[in-house]
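Visitor: My structure is stored as query_5.pdb, with PDB, C-alpha atoms, pLDDT in the B column.
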ATOM      1  CA  ILE M   1      36.818  16.259 -75.940  1.00 83.00           C
ATOM      2  CA  LEU M   2      37.668  13.286 -73.763  1.00 89.00           C
ATOM      3  CA  PRO M   3      41.269  12.347 -73.103  1.00 93.00           C
ATOM      4  CA  VAL M   4      41.381   8.583 -72.537  1.00 95.00           C
ATOM      5  CA  GLU M   5      43.661   7.404 -69.772  1.00 94.00           C
ATOM      6  CA  LYS M   6      45.664   4.205 -70.262  1.00 95.00           C
ATOM      7  CA  GLY M   7      43.578   2.351 -67.656  1.00 97.00           C
ATOM      8  CA  SER M   8      40.515   2.669 -69.936  1.00 97.00           C
ATOM      9  CA  TYR M   9      42.104   1.106 -73.026  1.00 97.00           C
ATOM     10  CA  LEU M  10      40.042  -2.104 -72.632  1.00 98.00           C
ATOM     11  CA  GLN M  11      36.736  -0.223 -72.764  1.00 97.00           C
ATOM     12  CA  PRO M  12      34.873  -0.384 -76.077  1.00 97.00           C
ATOM     13  CA  ILE M  13      35.324   2.768 -78.159  1.00 97.00           C
ATOM     14  CA  GLY M  14      31.536   3.084 -78.154  1.00 97.00           C
ATOM     15  CA  ALA M  15      31.516   3.226 -74.345  1.00 97.00           C
ATOM     16  CA  LEU M  16      34.197   5.916 -74.366  1.00 97.00           C
ATOM     17  CA  CYS M  17      32.038   7.878 -76.834  1.00 96.00           C
ATOM     18  CA  GLY M  18      28.845   7.428 -74.812  1.00 94.00           C
ATOM     19  CA  VAL M  19      26.962   5.104 -77.171  1.00 95.00           C
ATOM     20  CA  SER M  20      27.308   1.866 -75.192  1.00 95.00           C
ATOM     21  CA  GLU M  21      27.811   0.813 -71.610  1.00 94.00           C
ATOM     22  CA  PRO M  22      31.291   0.520 -70.094  1.00 94.00           C
ATOM     23  CA  PHE M  23      32.289  -2.531 -68.109  1.00 93.00           C
ATOM     24  CA  ASP M  24      34.727  -3.219 -65.295  1.00 94.00           C
ATOM     25  CA  ALA M  25      38.182  -3.625 -66.812  1.00 92.00           C
ATOM     26  CA  LEU M  26      41.477  -1.963 -66.084  1.00 96.00           C
ATOM     27  CA  TYR M  27      44.365  -2.004 -68.556  1.00 97.00           C
ATOM     28  CA  ASP M  28      47.837  -1.963 -67.011  1.00 96.00           C
ATOM     29  CA  GLY M  29      49.998  -2.696 -70.056  1.00 96.00           C
ATOM     30  CA  GLU M  30      52.124  -0.433 -72.216  1.00 94.00           C
ATOM     31  CA  ASP M  31      50.926   2.992 -73.286  1.00 95.00           C
ATOM     32  CA  PHE M  32      50.823   4.027 -76.949  1.00 93.00           C
ATOM     33  CA  PRO M  33      53.878   5.877 -78.239  1.00 91.00           C
ATOM     34  CA  GLU M  34      51.666   8.223 -80.290  1.00 92.00           C
ATOM     35  CA  GLU M  35      48.293   9.887 -80.016  1.00 93.00           C
ATOM     36  CA  MET M  36      45.049   8.686 -81.548  1.00 95.00           C
ATOM     37  CA  LEU M  37      42.099  10.871 -82.384  1.00 96.00           C
ATOM     38  CA  VAL M  38      38.562   9.462 -82.562  1.00 96.00           C
ATOM     39  CA  MET M  39      35.792  11.738 -83.760  1.00 96.00           C
ATOM     40  CA  ALA M  40      32.309  10.795 -82.597  1.00 96.00           C
ATOM     41  CA  HIS M  41      28.910  12.402 -83.192  1.00 93.00           C
ATOM     42  CA  PHE M  42      30.344  14.584 -85.990  1.00 90.00           C
ATOM     43  CA  PRO M  43      28.308  15.043 -89.167  1.00 92.00           C
ATOM     44  CA  LYS M  44      30.516  14.425 -92.219  1.00 89.00           C
ATOM     45  CA  SER M  45      30.686  18.151 -92.989  1.00 92.00           C
ATOM     46  CA  LEU M  46      31.954  18.850 -89.471  1.00 94.00           C
ATOM     47  CA  VAL M  47      34.677  16.178 -89.769  1.00 93.00           C
ATOM     48  CA  THR M  48      35.936  17.865 -92.926  1.00 93.00           C
ATOM     49  CA  ALA M  49      35.747  21.348 -91.394  1.00 95.00           C
ATOM     50  CA  PHE M  50      37.493  20.171 -88.220  1.00 94.00           C
ATOM     51  CA  LEU M  51      40.362  18.557 -90.132  1.00 94.00           C
ATOM     52  CA  GLN M  52      40.784  21.634 -92.330  1.00 95.00           C
ATOM     53  CA  ALA M  53      40.833  23.946 -89.288  1.00 96.00           C
ATOM     54  CA  TYR M  54      43.267  21.619 -87.515  1.00 94.00           C
ATOM     55  CA  ARG M  55      45.691  21.801 -90.443  1.00 95.00           C
ATOM     56  CA  ALA M  56      45.192  25.558 -90.837  1.00 97.00           C
ATOM     57  CA  ALA M  57      46.081  26.041 -87.152  1.00 97.00           C
ATOM     58  CA  LYS M  58      49.369  24.243 -87.863  1.00 96.00           C
ATOM     59  CA  LEU M  59      48.853  21.906 -84.905  1.00 95.00           C
ATOM     60  CA  PRO M  60      51.113  18.844 -84.688  1.00 94.00           C
ATOM     61  CA  PRO M  61      49.713  16.067 -86.897  1.00 92.00           C
ATOM     62  CA  VAL M  62      47.926  13.086 -85.384  1.00 93.00           C
ATOM     63  CA  PRO M  63      48.499  10.280 -87.901  1.00 90.00           C
ATOM     64  CA  LEU M  64      46.129   7.801 -86.209  1.00 95.00           C
ATOM     65  CA  LYS M  65      42.626   9.201 -86.736  1.00 95.00           C
ATOM     66  CA  ALA M  66      39.231   7.521 -86.895  1.00 96.00           C
ATOM     67  CA  VAL M  67      35.561   8.355 -87.008  1.00 96.00           C
ATOM     68  CA  LEU M  68      33.296   6.308 -84.727  1.00 97.00           C
ATOM     69  CA  THR M  69      31.469   3.653 -86.754  1.00 96.00           C
ATOM     70  CA  GLU M  70      29.197   0.717 -85.930  1.00 95.00           C
ATOM     71  CA  THR M  71      32.187  -1.549 -86.543  1.00 95.00           C
ATOM     72  CA  ASN M  72      34.830   0.169 -84.444  1.00 97.00           C
ATOM     73  CA  ALA M  73      32.394   1.053 -81.622  1.00 97.00           C
ATOM     74  CA  GLY M  74      32.847  -2.520 -80.364  1.00 97.00           C
ATOM     75  CA  TRP M  75      36.643  -2.432 -80.513  1.00 98.00           C
ATOM     76  CA  ASN M  76      38.757  -1.378 -77.567  1.00 97.00           C
ATOM     77  CA  SER M  77      41.562   1.179 -77.837  1.00 97.00           C
ATOM     78  CA  LEU M  78      44.170  -1.551 -78.355  1.00 97.00           C
ATOM     79  CA  GLU M  79      42.265  -3.026 -81.302  1.00 97.00           C
ATOM     80  CA  LEU M  80      41.600   0.401 -82.817  1.00 98.00           C
ATOM     81  CA  HIS M  81      45.257   1.378 -82.412  1.00 97.00           C
ATOM     82  CA  GLU M  82      46.391  -1.813 -84.165  1.00 96.00           C
ATOM     83  CA  GLN M  83      43.975  -1.247 -87.057  1.00 96.00           C
ATOM     84  CA  LEU M  84      44.901   2.425 -87.445  1.00 96.00           C
ATOM     85  CA  GLN M  85      48.624   1.634 -87.354  1.00 95.00           C
ATOM     86  CA  ALA M  86      48.157  -0.950 -90.121  1.00 94.00           C
ATOM     87  CA  GLU M  87      46.163   1.533 -92.221  1.00 92.00           C
ATOM     88  CA  HIS M  88      48.727   4.291 -91.632  1.00 90.00           C
ATOM     89  CA  GLU M  89      51.615   2.019 -92.657  1.00 89.00           C
ATOM     90  CA  ALA M  90      49.712   0.867 -95.725  1.00 91.00           C
ATOM     91  CA  MET M  91      49.076   4.468 -96.794  1.00 88.00           C
ATOM     92  CA  LYS M  92      52.762   5.318 -96.331  1.00 86.00           C
ATOM     93  CA  ASN M  93      53.722   2.290 -98.412  1.00 87.00           C
ATOM     94  CA  GLY M  94      51.053   2.787-101.084  1.00 83.00           C
ATOM     95  CA  THR M  95      49.339  -0.525-100.328  1.00 75.00           C
ATOM     96  CA  SER M  96      46.106  -1.538 -98.635  1.00 66.00           C
ATOM     97  CA  ALA M  97      45.940  -2.591 -94.989  1.00 62.00           C
ATOM     98  CA  HIS M  98      44.829  -6.054 -96.134  1.00 56.00           C
ATOM     99  CA  GLU M  99      47.969  -6.435 -98.269  1.00 58.00           C
ATOM    100  CA  GLN M 100      50.080  -5.659 -95.194  1.00 51.00           C
ATOM    101  CA  ALA M 101      48.628  -8.598 -93.218  1.00 51.00           C
TER     102      ALA M 101
END
Write out the structure in this file as structure tokens.

Guide:
Amino acid sequence: ILPVEKGSYLQPIGALCGVSEPFDALYDGEDFPEEMLVMAHFPKSLVTAFLQAYRAAKLPPVPLKAVLTETNAGWNSLELHEQLQAEHEAMKNGTSAHEQA
């Protein structure tokens, strides 16, 4: 578990997850109003088990969730947040994220 401080939001997600190198950058903009959860190095069965246990524990929901992929490993937290927000809104509205754009 790695809480990501606001100053690290410009780092690639892959660097935060230990699969690529970080670089010198400090974010000093606005913080996110909600939490994001990124699962890295989880086999698919563990992702499912984790999410089921999370719900069973009746923990507060985290609507913005992702699994580390080759694609999002190069994104920073701001880009991932934007993508996850679009996907979350699309799911709430019964559309695809591409239709929202």

Visitor: Return the single residue from M:Glu35, M:Glu82, M:Glu70, M:Glu89 that is closest to Val4 in chain M, with distances computed using all atoms listed in the file.

Guide: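 Closest candidate: M:Glu35.
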
Visitor: If you apply the PyMOL selection byres ((chain M and resi 3) around 10) to this file, what residues do you get, as a list in words?

Guide: Ile1, Leu2, Val4, Glu5, Lys6, Leu16, Met36 and Leu37 of chain M

Visitor: Between CA of Thr69 in chain M and CA of Met91 in chain M, what distance in Å does the model show, to one decimal?

Guide: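 Taking CA of Thr69 in chain M as the start and CA of Met91 in chain M as the end point, the length is 20.3 Å.
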
Visitor: Write out as a list in words the residues lying within 9 Å of Asn72 in chain M, counting all atoms listed in the file and excluding same-chain residues fewer than 4 positions away.

Guide: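 What passes the distance filter is Pro12, Ile13, Gly14, Ala66, Val67, Leu68, Asn76, Glu79 and Leu80 of chain M.
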
Visitor: Using all atoms listed in the file, which residue out of M:Leu64, M:Pro43, M:Thr71, M:Ala15 lies closest to Ala86 in chain M?

Guide: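 The closest residue to Ala86 in chain M is M:Leu64.
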
Visitor: Given the choices M:Gln11, M:His81, M:Lys65, M:Tyr54, which gets closest to Asp24 in chain M if the distance is worked out from all atoms listed in the file?

Guide: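 Checking each candidate against Asp24 in chain M, we get M:Gln11 as the closest.
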
Visitor: Could you tell me how far CA of Ser8 in chain M sits from CA of Val38 in chain M, in Å to one decimal place?

Guide: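 A separation of 14.5 Å between them.
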
Visitor: For CA of Trp75 in chain M and CA of Glu21 in chain M, quote the distance in Å rounded to one decimal.

Guide: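 About the pair CA of Trp75 in chain M and CA of Glu21 in chain M: they are 13.0 Å apart.
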
Visitor: Can you pull out every residue within 12 Å of Leu51 in chain M, counting only C-alpha atoms, but drop anything in the same chain fewer than 2 positions away, and send it as number ranges by chain?

Guide: M: 37-39, 42, 44-49, 53-59, 61-63, 65-67

Visitor: For the residues in that selection, give me C-alpha atoms as a PDB file, in the frame of the given file.

Guide:
ATOM      1  CA  LEU M  37      42.099  10.871 -82.384  1.00 96.00           C
ATOM      2  CA  VAL M  38      38.562   9.462 -82.562  1.00 96.00           C
ATOM      3  CA  MET M  39      35.792  11.738 -83.760  1.00 96.00           C
ATOM      4  CA  PHE M  42      30.344  14.584 -85.990  1.00 90.00           C
ATOM      5  CA  LYS M  44      30.516  14.425 -92.219  1.00 89.00           C
ATOM      6  CA  SER M  45      30.686  18.151 -92.989  1.00 92.00           C
ATOM      7  CA  LEU M  46      31.954  18.850 -89.471  1.00 94.00           C
ATOM      8  CA  VAL M  47      34.677  16.178 -89.769  1.00 93.00           C
ATOM      9  CA  THR M  48      35.936  17.865 -92.926  1.00 93.00           C
ATOM     10  CA  ALA M  49      35.747  21.348 -91.394  1.00 95.00           C
ATOM     11  CA  ALA M  53      40.833  23.946 -89.288  1.00 96.00           C
ATOM     12  CA  TYR M  54      43.267  21.619 -87.515  1.00 94.00           C
ATOM     13  CA  ARG M  55      45.691  21.801 -90.443  1.00 95.00           C
ATOM     14  CA  ALA M  56      45.192  25.558 -90.837  1.00 97.00           C
ATOM     15  CA  ALA M  57      46.081  26.041 -87.152  1.00 97.00           C
ATOM     16  CA  LYS M  58      49.369  24.243 -87.863  1.00 96.00           C
ATOM     17  CA  LEU M  59      48.853  21.906 -84.905  1.00 95.00           C
ATOM     18  CA  PRO M  61      49.713  16.067 -86.897  1.00 92.00           C
ATOM     19  CA  VAL M  62      47.926  13.086 -85.384  1.00 93.00           C
ATOM     20  CA  PRO M  63      48.499  10.280 -87.901  1.00 90.00           C
ATOM     21  CA  LYS M  65      42.626   9.201 -86.736  1.00 95.00           C
ATOM     22  CA  ALA M  66      39.231   7.521 -86.895  1.00 96.00           C
ATOM     23  CA  VAL M  67      35.561   8.355 -87.008  1.00 96.00           C
TER      24      VAL M  67
END

Visitor: For a quick check of understanding, using only C-alpha atoms, which of M:Gly94, M:Phe50, M:Ala73, M:Pro60 has the smallest distance to Val19 in chain M?

Guide: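 Of M:Gly94, M:Phe50, M:Ala73, M:Pro60, the one nearest Val19 in chain M is M:Ala73, counting only C-alpha atoms.
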